[in-house]
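Next up, final.pdb (PDB, C-alpha atoms):
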MODEL        1
ATOM      1  CA  MET B   1      66.011 130.206  19.010
ATOM      2  CA  ARG B   2      66.763 128.539  22.350
ATOM      3  CA  SER B   3      68.209 131.693  23.825
ATOM      4  CA  ALA B   4      65.208 133.694  22.608
ATOM      5  CA  ALA B   5      62.823 131.167  24.138
ATOM      6  CA  LEU B   6      64.727 131.204  27.417
ATOM      7  CA  ALA B   7      64.841 135.006  27.393
ATOM      8  CA  VAL B   8      61.080 135.143  27.026
ATOM      9  CA  CYS B   9      60.776 132.569  29.772
ATOM     10  CA  ALA B  10      63.057 134.564  32.064
ATOM     11  CA  ALA B  11      61.105 137.732  31.365
ATOM     12  CA  LEU B  12      57.848 135.982  32.175
ATOM     13  CA  LEU B  13      59.261 134.605  35.406
ATOM     14  CA  THR B  14      60.285 138.030  36.661
ATOM     15  CA  PHE B  15      56.911 139.657  36.046
ATOM     16  CA  PRO B  16      54.756 140.171  39.132
ATOM     17  CA  SER B  17      52.295 137.352  39.519
ATOM     18  CA  ALA B  18      49.398 139.665  38.863
ATOM     19  CA  LEU B  19      50.479 139.816  35.254
ATOM     20  CA  LEU B  20      51.088 136.085  34.909
ATOM     21  CA  GLY B  21      47.716 135.025  36.283
ATOM     22  CA  GLN B  22      46.061 138.278  35.376
ATOM     23  CA  ALA B  23      43.474 139.432  37.874
ATOM     24  CA  ASP B  24      40.059 138.360  36.704
ATOM     25  CA  PRO B  25      38.771 141.348  34.755
ATOM     26  CA  ASP B  26      35.268 140.404  35.777
ATOM     27  CA  ALA B  27      35.761 140.855  39.541
ATOM     28  CA  GLN B  28      34.080 144.233  39.373
ATOM     29  CA  VAL B  29      31.196 142.819  37.349
ATOM     30  CA  ALA B  30      30.874 139.799  39.638
ATOM     31  CA  VAL B  31      30.816 141.896  42.789
ATOM     32  CA  LYS B  32      28.305 144.310  41.338
ATOM     33  CA  GLU B  33      26.040 141.505  40.156
ATOM     34  CA  GLY B  34      26.582 139.657  43.432
ATOM     35  CA  GLY B  35      25.453 142.659  45.420
ATOM     36  CA  MET B  36      22.360 143.053  43.288
ATOM     37  CA  ALA B  37      21.576 139.362  43.652
ATOM     38  CA  TRP B  38      22.092 139.544  47.421
ATOM     39  CA  ALA B  39      19.692 142.439  47.875
ATOM     40  CA  ALA B  40      17.141 140.949  45.490
ATOM     41  CA  ALA B  41      17.221 137.616  47.342
ATOM     42  CA  TRP B  42      16.840 139.349  50.724
ATOM     43  CA  ASN B  43      13.971 141.483  49.479
ATOM     44  CA  ALA B  44      12.258 138.346  48.189
ATOM     45  CA  GLY B  45      12.790 136.468  51.462
ATOM     46  CA  ASN B  46      14.990 133.978  49.633
ATOM     47  CA  ALA B  47      17.625 132.692  52.081
ATOM     48  CA  ALA B  48      18.889 130.037  49.658
ATOM     49  CA  GLY B  49      19.451 132.745  47.072
ATOM     50  CA  ILE B  50      21.561 134.708  49.535
ATOM     51  CA  ALA B  51      23.515 131.633  50.612
ATOM     52  CA  ALA B  52      24.301 130.715  47.002
ATOM     53  CA  LEU B  53      26.602 133.741  46.823
ATOM     54  CA  TYR B  54      28.845 132.434  49.598
ATOM     55  CA  ALA B  55      31.703 129.950  49.316
ATOM     56  CA  ASP B  56      31.059 126.509  50.814
ATOM     57  CA  ASP B  57      33.566 127.269  53.574
ATOM     58  CA  ALA B  58      32.659 130.917  53.994
ATOM     59  CA  THR B  59      32.637 132.638  57.376
ATOM     60  CA  LEU B  60      29.889 135.083  58.285
ATOM     61  CA  LEU B  61      30.738 137.506  61.120
ATOM     62  CA  PRO B  62      27.435 139.061  62.237
ATOM     63  CA  PRO B  63      26.996 141.527  65.098
ATOM     64  CA  SER B  64      25.354 140.343  68.313
ATOM     65  CA  GLY B  65      26.323 136.725  67.784
ATOM     66  CA  ASP B  66      29.151 134.343  67.089
ATOM     67  CA  ALA B  67      30.729 133.742  63.701
ATOM     68  CA  VAL B  68      28.748 131.435  61.408
ATOM     69  CA  GLN B  69      30.677 128.824  59.472
ATOM     70  CA  GLY B  70      29.768 127.284  56.135
ATOM     71  CA  LYS B  71      27.103 127.843  53.529
ATOM     72  CA  ALA B  72      24.374 125.755  55.176
ATOM     73  CA  ALA B  73      24.697 127.547  58.504
ATOM     74  CA  ILE B  74      24.840 130.874  56.698
ATOM     75  CA  GLU B  75      21.580 130.120  54.918
ATOM     76  CA  ALA B  76      19.940 129.215  58.222
ATOM     77  CA  PHE B  77      21.268 132.414  59.752
ATOM     78  CA  TRP B  78      19.827 134.649  57.047
ATOM     79  CA  LYS B  79      16.501 132.814  57.147
ATOM     80  CA  GLY B  80      16.355 133.490  60.869
ATOM     81  CA  VAL B  81      17.117 137.172  60.399
ATOM     82  CA  MET B  82      14.521 137.596  57.662
ATOM     83  CA  ASP B  83      11.914 135.772  59.748
ATOM     84  CA  ALA B  84      12.657 138.191  62.585
ATOM     85  CA  LEU B  85      12.412 141.256  60.330
ATOM     86  CA  PRO B  86       9.323 140.772  58.181
ATOM     87  CA  GLY B  87       8.864 143.365  55.475
ATOM     88  CA  VAL B  88      12.288 144.920  55.959
ATOM     89  CA  THR B  89      14.113 145.590  52.704
ATOM     90  CA  VAL B  90      17.805 146.235  52.208
ATOM     91  CA  ALA B  91      19.756 148.497  49.853
ATOM     92  CA  LEU B  92      23.453 147.785  49.355
ATOM     93  CA  GLU B  93      26.044 150.083  47.880
ATOM     94  CA  THR B  94      29.629 149.161  47.043
ATOM     95  CA  LYS B  95      31.937 151.994  48.046
ATOM     96  CA  GLU B  96      35.263 150.394  47.181
ATOM     97  CA  LEU B  97      36.611 147.313  45.492
ATOM     98  CA  HIS B  98      40.262 146.342  45.976
ATOM     99  CA  ASN B  99      41.109 143.719  43.384
ATOM    100  CA  LEU B 100      44.128 141.788  44.641
ATOM    101  CA  GLY B 101      44.222 139.012  42.055
ATOM    102  CA  ASP B 102      42.131 136.018  43.074
ATOM    103  CA  VAL B 103      41.005 137.813  46.215
ATOM    104  CA  ALA B 104      39.002 141.040  46.186
ATOM    105  CA  VAL B 105      38.007 143.192  49.148
ATOM    106  CA  GLU B 106      34.697 145.035  48.931
ATOM    107  CA  VAL B 107      33.737 147.823  51.303
ATOM    108  CA  GLY B 108      30.153 148.987  51.194
ATOM    109  CA  SER B 109      27.188 150.407  53.022
ATOM    110  CA  TYR B 110      23.715 149.092  53.701
ATOM    111  CA  VAL B 111      20.378 150.656  54.580
ATOM    112  CA  ASP B 112      17.475 148.684  56.051
ATOM    113  CA  THR B 113      13.995 150.112  55.549
ATOM    114  CA  GLY B 114      10.837 148.962  57.311
ATOM    115  CA  ALA B 115       7.654 147.847  55.565
ATOM    116  CA  ASP B 116       6.108 151.261  56.151
ATOM    117  CA  GLY B 117       9.140 153.085  54.783
ATOM    118  CA  GLU B 118      10.673 153.890  58.138
ATOM    119  CA  HIS B 119      14.432 153.884  58.542
ATOM    120  CA  VAL B 120      15.420 150.780  60.469
ATOM    121  CA  ASP B 121      19.215 150.712  60.292
ATOM    122  CA  HIS B 122      22.232 151.754  58.290
ATOM    123  CA  GLY B 123      25.786 150.576  58.478
ATOM    124  CA  LYS B 124      28.859 149.329  56.691
ATOM    125  CA  TYR B 125      30.264 146.013  55.594
ATOM    126  CA  LEU B 126      33.420 144.416  54.323
ATOM    127  CA  VAL B 127      33.312 141.327  52.136
ATOM    128  CA  VAL B 128      36.307 139.258  51.104
ATOM    129  CA  TRP B 129      35.518 137.736  47.732
ATOM    130  CA  MET B 130      37.564 134.788  46.483
ATOM    131  CA  LEU B 131      37.843 133.427  42.979
ATOM    132  CA  LYS B 132      37.175 129.684  43.126
ATOM    133  CA  ASP B 133      36.785 127.471  40.063
ATOM    134  CA  GLY B 134      36.234 130.474  37.849
ATOM    135  CA  SER B 135      33.560 132.181  39.914
ATOM    136  CA  TRP B 136      33.748 134.871  42.560
ATOM    137  CA  GLN B 137      32.253 133.881  45.914
ATOM    138  CA  MET B 138      31.801 135.649  49.241
ATOM    139  CA  ALA B 139      34.308 134.081  51.614
ATOM    140  CA  ARG B 140      34.282 136.429  54.624
ATOM    141  CA  ASP B 141      31.439 138.816  55.404
ATOM    142  CA  ILE B 142      31.400 141.239  58.353
ATOM    143  CA  TRP B 143      29.315 144.322  59.062
ATOM    144  CA  ASN B 144      28.180 146.681  61.798
ATOM    145  CA  SER B 145      25.632 149.377  62.310
ATOM    146  CA  SER B 146      26.605 153.043  62.152
ATOM    147  CA  MET B 147      23.667 154.094  64.298
ATOM    148  CA  GLY B 148      24.438 155.358  67.806
ATOM    149  CA  GLN B 149      24.199 152.742  70.503
TER
ATOM    150  CA  MET I   1      68.011 121.777  22.546
ATOM    151  CA  ARG I   2      65.382 124.432  21.855
ATOM    152  CA  SER I   3      62.567 122.043  22.636
ATOM    153  CA  ALA I   4      64.323 120.972  25.842
ATOM    154  CA  GLY I   5      64.637 124.615  26.816
ATOM    155  CA  LEU I   6      60.984 125.285  26.109
ATOM    156  CA  ILE I   7      59.887 122.198  28.007
ATOM    157  CA  LEU I   8      61.958 123.284  30.986
ATOM    158  CA  CYS I   9      60.442 126.760  30.762
ATOM    159  CA  ALA I  10      56.918 125.382  30.520
ATOM    160  CA  THR I  11      57.574 123.099  33.487
ATOM    161  CA  LEU I  12      58.910 125.985  35.543
ATOM    162  CA  LEU I  13      55.916 128.131  34.633
ATOM    163  CA  ALA I  14      53.529 125.381  35.639
ATOM    164  CA  LEU I  15      54.963 125.011  39.136
ATOM    165  CA  PRO I  16      53.166 126.798  41.956
ATOM    166  CA  SER I  17      54.968 129.966  42.976
ATOM    167  CA  ALA I  18      56.016 128.362  46.263
ATOM    168  CA  ALA I  19      58.321 126.069  44.312
ATOM    169  CA  PHE I  20      60.334 129.072  43.220
ATOM    170  CA  GLY I  21      61.245 129.597  46.854
ATOM    171  CA  GLN I  22      59.239 132.831  46.808
ATOM    172  CA  ALA I  23      60.220 134.786  49.844
ATOM    173  CA  ASP I  24      57.690 134.793  52.680
ATOM    174  CA  SER I  25      56.150 138.255  52.554
ATOM    175  CA  GLY I  26      56.420 138.540  56.349
ATOM    176  CA  ALA I  27      52.659 138.952  56.598
ATOM    177  CA  GLU I  28      52.124 136.432  59.361
ATOM    178  CA  ALA I  29      54.796 137.874  61.630
ATOM    179  CA  ALA I  30      53.622 141.427  60.971
ATOM    180  CA  VAL I  31      49.991 140.619  61.712
ATOM    181  CA  ASN I  32      50.822 138.772  64.922
ATOM    182  CA  GLU I  33      53.087 141.599  66.082
ATOM    183  CA  GLY I  34      50.365 144.045  65.087
ATOM    184  CA  ALA I  35      47.824 142.389  67.374
ATOM    185  CA  VAL I  36      50.178 142.763  70.314
ATOM    186  CA  ALA I  37      50.953 146.373  69.404
ATOM    187  CA  TRP I  38      47.253 147.292  69.013
ATOM    188  CA  GLN I  39      46.206 145.852  72.339
ATOM    189  CA  THR I  40      49.243 147.250  74.134
ATOM    190  CA  ALA I  41      48.477 150.710  72.803
ATOM    191  CA  TRP I  42      44.786 150.435  73.799
ATOM    192  CA  ASN I  43      45.744 149.162  77.240
ATOM    193  CA  SER I  44      48.060 152.148  77.613
ATOM    194  CA  ALA I  45      45.310 154.539  76.431
ATOM    195  CA  ASP I  46      47.565 155.532  73.526
ATOM    196  CA  ALA I  47      45.283 156.389  70.607
ATOM    197  CA  ALA I  48      48.164 157.903  68.631
ATOM    198  CA  ALA I  49      50.106 154.649  68.703
ATOM    199  CA  ILE I  50      47.089 152.762  67.402
ATOM    200  CA  ALA I  51      46.493 155.306  64.650
ATOM    201  CA  ALA I  52      50.120 155.039  63.544
ATOM    202  CA  MET I  53      49.524 151.393  62.640
ATOM    203  CA  TYR I  54      47.170 152.438  59.859
ATOM    204  CA  LYS I  55      48.089 153.539  56.355
ATOM    205  CA  ALA I  56      47.705 157.279  55.861
ATOM    206  CA  ASP I  57      44.397 156.765  54.020
ATOM    207  CA  GLY I  58      43.376 153.788  56.131
ATOM    208  CA  ILE I  59      39.781 153.353  57.217
ATOM    209  CA  VAL I  60      38.397 152.147  60.537
ATOM    210  CA  MET I  61      34.772 151.005  60.507
ATOM    211  CA  ALA I  62      33.725 150.915  64.139
ATOM    212  CA  PRO I  63      30.214 150.099  65.348
ATOM    213  CA  GLY I  64      27.975 152.982  66.329
ATOM    214  CA  ALA I  65      29.648 155.566  64.115
ATOM    215  CA  ASP I  66      30.431 156.389  60.529
ATOM    216  CA  ALA I  67      33.651 155.090  59.041
ATOM    217  CA  MET I  68      36.801 157.039  59.967
ATOM    218  CA  GLN I  69      39.432 157.683  57.325
ATOM    219  CA  GLY I  70      42.985 158.891  57.870
ATOM    220  CA  GLN I  71      45.247 158.731  60.895
ATOM    221  CA  GLU I  72      43.938 162.010  62.314
ATOM    222  CA  ALA I  73      40.326 160.880  62.273
ATOM    223  CA  ILE I  74      41.276 157.415  63.493
ATOM    224  CA  GLU I  75      43.260 158.811  66.393
ATOM    225  CA  ALA I  76      40.445 161.178  67.354
ATOM    226  CA  GLY I  77      37.826 158.433  67.178
ATOM    227  CA  LEU I  78      39.899 155.975  69.157
ATOM    228  CA  ALA I  79      40.734 158.595  71.779
ATOM    229  CA  VAL I  80      37.016 159.010  72.398
ATOM    230  CA  ALA I  81      36.487 155.248  72.516
ATOM    231  CA  ILE I  82      39.388 154.799  74.926
ATOM    232  CA  GLU I  83      38.075 157.530  77.192
ATOM    233  CA  MET I  84      34.614 155.978  77.236
ATOM    234  CA  ALA I  85      36.152 152.571  77.952
ATOM    235  CA  GLU I  86      37.459 153.901  81.264
ATOM    236  CA  GLY I  87      40.555 151.768  81.516
ATOM    237  CA  SER I  88      39.319 148.596  79.858
ATOM    238  CA  GLN I  89      41.907 146.113  78.662
ATOM    239  CA  MET I  90      41.884 144.463  75.247
ATOM    240  CA  ALA I  91      43.084 140.981  74.357
ATOM    241  CA  ILE I  92      43.315 140.533  70.599
ATOM    242  CA  THR I  93      43.766 137.169  68.915
ATOM    243  CA  PRO I  94      44.382 136.805  65.182
ATOM    244  CA  GLY I  95      42.560 133.602  64.295
ATOM    245  CA  GLU I  96      43.240 133.453  60.600
ATOM    246  CA  ILE I  97      45.887 135.167  58.492
ATOM    247  CA  ILE I  98      45.448 134.951  54.724
ATOM    248  CA  PRO I  99      48.457 136.241  52.781
ATOM    249  CA  VAL I 100      47.404 137.693  49.431
ATOM    250  CA  GLY I 101      50.256 138.076  46.983
ATOM    251  CA  ASP I 102      53.479 139.599  48.221
ATOM    252  CA  ASP I 103      52.117 142.723  49.797
ATOM    253  CA  HIS I 104      48.675 142.113  51.234
ATOM    254  CA  ALA I 105      47.128 140.018  53.967
ATOM    255  CA  ILE I 106      43.661 139.541  55.410
ATOM    256  CA  GLU I 107      43.305 138.908  59.114
ATOM    257  CA  VAL I 108      40.184 137.519  60.806
ATOM    258  CA  GLY I 109      40.392 137.570  64.572
ATOM    259  CA  SER I 110      38.643 137.983  67.869
ATOM    260  CA  PHE I 111      38.908 140.268  70.867
ATOM    261  CA  VAL I 112      37.918 140.264  74.498
ATOM    262  CA  GLU I 113      37.488 143.497  76.413
ATOM    263  CA  THR I 114      37.761 143.391  80.197
ATOM    264  CA  GLY I 115      36.701 146.270  82.387
ATOM    265  CA  ALA I 116      39.143 148.008  84.685
ATOM    266  CA  ASP I 117      37.387 146.191  87.536
ATOM    267  CA  GLY I 118      38.100 142.824  85.947
ATOM    268  CA  SER I 119      34.542 142.264  84.737
ATOM    269  CA  HIS I 120      33.800 140.981  81.264
ATOM    270  CA  LYS I 121      32.877 143.952  79.147
ATOM    271  CA  ASP I 122      32.667 142.732  75.573
ATOM    272  CA  HIS I 123      33.886 140.147  73.140
ATOM    273  CA  GLY I 124      33.723 140.181  69.370
ATOM    274  CA  LYS I 125      35.462 139.708  66.066
ATOM    275  CA  TYR I 126      37.167 141.720  63.368
ATOM    276  CA  VAL I 127      38.543 141.674  59.863
ATOM    277  CA  ALA I 128      41.653 143.698  59.062
ATOM    278  CA  VAL I 129      43.178 144.161  55.637
ATOM    279  CA  TRP I 130      46.925 144.755  55.697
ATOM    280  CA  ALA I 131      49.217 146.134  52.994
ATOM    281  CA  LYS I 132      52.991 146.287  52.817
ATOM    282  CA  VAL I 133      53.822 149.931  52.195
ATOM    283  CA  ASP I 134      57.477 150.842  51.597
ATOM    284  CA  GLY I 135      58.545 147.665  53.322
ATOM    285  CA  SER I 136      56.417 148.006  56.429
ATOM    286  CA  TRP I 137      53.006 146.480  57.052
ATOM    287  CA  LYS I 138      50.089 148.827  57.684
ATOM    288  CA  ILE I 139      46.396 148.273  58.297
ATOM    289  CA  VAL I 140      44.353 149.653  55.390
ATOM    290  CA  ARG I 141      40.817 148.581  56.347
ATOM    291  CA  ASP I 142      39.616 147.513  59.775
ATOM    292  CA  ILE I 143      36.114 146.545  60.862
ATOM    293  CA  TRP I 144      34.782 144.814  63.959
ATOM    294  CA  ASN I 145      31.597 144.025  65.832
ATOM    295  CA  SER I 146      30.538 142.636  69.155
ATOM    296  CA  SER I 147      29.398 139.042  69.513
ATOM    297  CA  MET I 148      27.348 139.838  72.595
ATOM    298  CA  PRO I 149      23.541 139.804  72.150
TER
ENDMDL
END

Written as structure tokens, how would this file's structure read?
Amino acid sequence: MRSAALAVCAALLTFPSALLGQADPDAQVAVKEGGMAWAAAWNAGNAAGIAALYADDATLLPPSGDAVQGKAAIEAFWKGVMDALPGVTVALETKELHNLGDVAVEVGSYVDTGADGEHVDHGKYLVVWMLKDGSWQMARDIWNSSMGQ
Amino acid sequence: MRSAGLILCATLLALPSAAFGQADSGAEAAVNEGAVAWQTAWNSADAAAIAAMYKADGIVMAPGADAMQGQEAIEAGLAVAIEMAEGSQMAITPGEIIPVGDDHAIEVGSFVETGADGSHKDHGKYVAVWAKVDGSWKIVRDIWNSSMP
């Protein structure tokens, strides 16, 4: 019995870590729901709702400014952007999700539309999601516009 | 004896992977060397050398354009950017390197672009996702933006 137990143990130890601590099967669900929540919060002018999706120590990397560190500063940032763009709504689309265990990389696109339906901007983003205490949170968020400069 | 074996196994399984003396994946060295290689290639106007750093299906998400996928598209896009930069010099600094498992890493860094005449041209930040492919590290996703207003 001992040798069988040790054999099982040895087999477990040689498996790649992804099998030991199996990648959270809900990463895809979490990212999809997170994206929907993000867009819904933006469209409702709810900066706290956006910020809730980020990790406490997240880093936001917006264009035209310096990196923004931490959830509180991130909330203030998004409030400022929404105040500056009244009536603008956003549509987000996940293009890829690379699930690397307790870290997932999302690549997606965004479209901003003005209050009167005019096209304001479109671009792409990359979000590093991290699994912390059982929930997926946005840890690094960077984007840029695809429109000609 | 069986219970001692099982307890030992359970103890070993409970230790963080670092306790097993898990080999350093080489991510940090590769990413730091990569930053030097990328800026050296840019500074030498060598778009092909930059493109070679990317995985065959790698994607570059540059501002002002749609995403570019594949070394051919990346080389072509960077050749245009280099030409338009008219001899600018890049200084790239990896600020944060996050190893993910044995064969991935996420890099968050900053860059400063100086004109050929020594004037400050641009400064910004980037996120690069690296993967170890057949023993060598390649960039799989790369996105940046300017921090200038």

inquiry  = Restricting the calculation to all atoms listed in the file: of B:Ala67, B:Val120, B:Ala139, B:Ile74, which residue gets closest to chain I?
reply    = B:Ala67

request  = Might you spell out which residues the ChimeraX specification (/B :<6) & /I would select in the displayed file, as a PyMOL selection string?
outcome  = chain I and resi 2+9+63-66+145-149

request  = Quick one: apply the PyMOL selection byres ((chain I and resi 85-96) around 10) to the file and drop the selected residues here as an MDAnalysis selection string.
outcome  = chainID I and resid 28 31:45 79:84 97:99 106:128

query = What lies within 9 Å of Gly114 in chain B using only C-alpha atoms, ignoring chain neighbours under 6 positions off, as a PyMOL selection string?
reply = chain B and resi 85-89+120

I'd like the contact shell of Asp56 in chain B - 10 Å cut-off, all atoms listed in the file, skipping same-chain residues fewer than 4 positions apart - returned as a PDB file with C-alpha atoms, in the coordinates of the input.
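So result_23.pdb came out as:
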ATOM      1  CA  ALA B  51      23.515 131.633  50.612  1.00  0.00           C
ATOM      2  CA  ALA B  52      24.301 130.715  47.002  1.00  0.00           C
ATOM      3  CA  GLN B  69      30.677 128.824  59.472  1.00  0.00           C
ATOM      4  CA  GLY B  70      29.768 127.284  56.135  1.00  0.00           C
ATOM      5  CA  LYS B  71      27.103 127.843  53.529  1.00  0.00           C
ATOM      6  CA  ALA B  72      24.374 125.755  55.176  1.00  0.00           C
ATOM      7  CA  ILE B  74      24.840 130.874  56.698  1.00  0.00           C
ATOM      8  CA  GLN B 137      32.253 133.881  45.914  1.00  0.00           C
ATOM      9  CA  MET B 138      31.801 135.649  49.241  1.00  0.00           C
ATOM     10  CA  ALA B 139      34.308 134.081  51.614  1.00  0.00           C
TER      11      ALA B 139
END

request  = Kindly indicate which residue among I:Gly135, I:Trp144, I:Ala49, I:Ala105 lies nearest to Ala27 in chain I, using all atoms listed in the file for the distances.
outcome  = I:Ala105

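Pairwise distance (CA of Ala41 in chain B, CA of Ala84 in chain B) equals 15.9 Å.
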
query = Please, what distance in Å, to one decimal, runs between CA of Val31 in chain B and CA of Val140 in chain I?
reply =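 Atom-to-atom, CA of Val31 in chain B and CA of Val140 in chain I are spaced 20.1 Å apart.
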
query = Hey, which of I:Ser136, I:Glu72, I:Ala62, I:Met53 ends up closest to His104 in chain I? Count only C-alpha atoms.
reply = I:Ser136

Using the chain letters and numbers from this file, what does the PyMOL selection byres ((chain I and resi 51) around 9) select? Give the answer as a short mmCIF file (atom, residue, chain, number, x, y, z; two decimals) with C-alpha atoms, in the frame of the given file.
data_model
loop_
_atom_site.label_atom_id
_atom_site.label_comp_id
_atom_site.auth_asym_id
_atom_site.auth_seq_id
_atom_site.Cartn_x
_atom_site.Cartn_y
_atom_site.Cartn_z
CA ASP I 46 47.56 155.53 73.53
CA ALA I 47 45.28 156.39 70.61
CA ALA I 48 48.16 157.90 68.63
CA ALA I 49 50.11 154.65 68.70
CA ILE I 50 47.09 152.76 67.40
CA ALA I 52 50.12 155.04 63.54
CA MET I 53 49.52 151.39 62.64
CA TYR I 54 47.17 152.44 59.86
CA LYS I 55 48.09 153.54 56.36
CA GLY I 70 42.98 158.89 57.87
CA GLN I 71 45.25 158.73 60.90
CA GLU I 72 43.94 162.01 62.31
CA ALA I 73 40.33 160.88 62.27
CA ILE I 74 41.28 157.42 63.49
CA GLU I 75 43.26 158.81 66.39
CA ALA I 76 40.44 161.18 67.35
CA LEU I 78 39.90 155.98 69.16
#

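CA of Lys32 in chain B sits 25.0 Å away from CA of Gly117 in chain B.
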
query = Of the residues B:Trp38, B:Thr94, B:His119, B:Asn99, which is the one nearest to Leu131 in chain B, using all atoms listed in the file?
reply =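 Checking each of B:Trp38, B:Thr94, B:His119, B:Asn99 against Leu131 in chain B, counting all atoms listed in the file, the winner is B:Asn99.
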
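Closest approach to Gly45 in chain B among B:Leu60, B:Gly80, B:Gln28, B:Val68 is made by B:Gly80 (distances from all atoms listed in the file).
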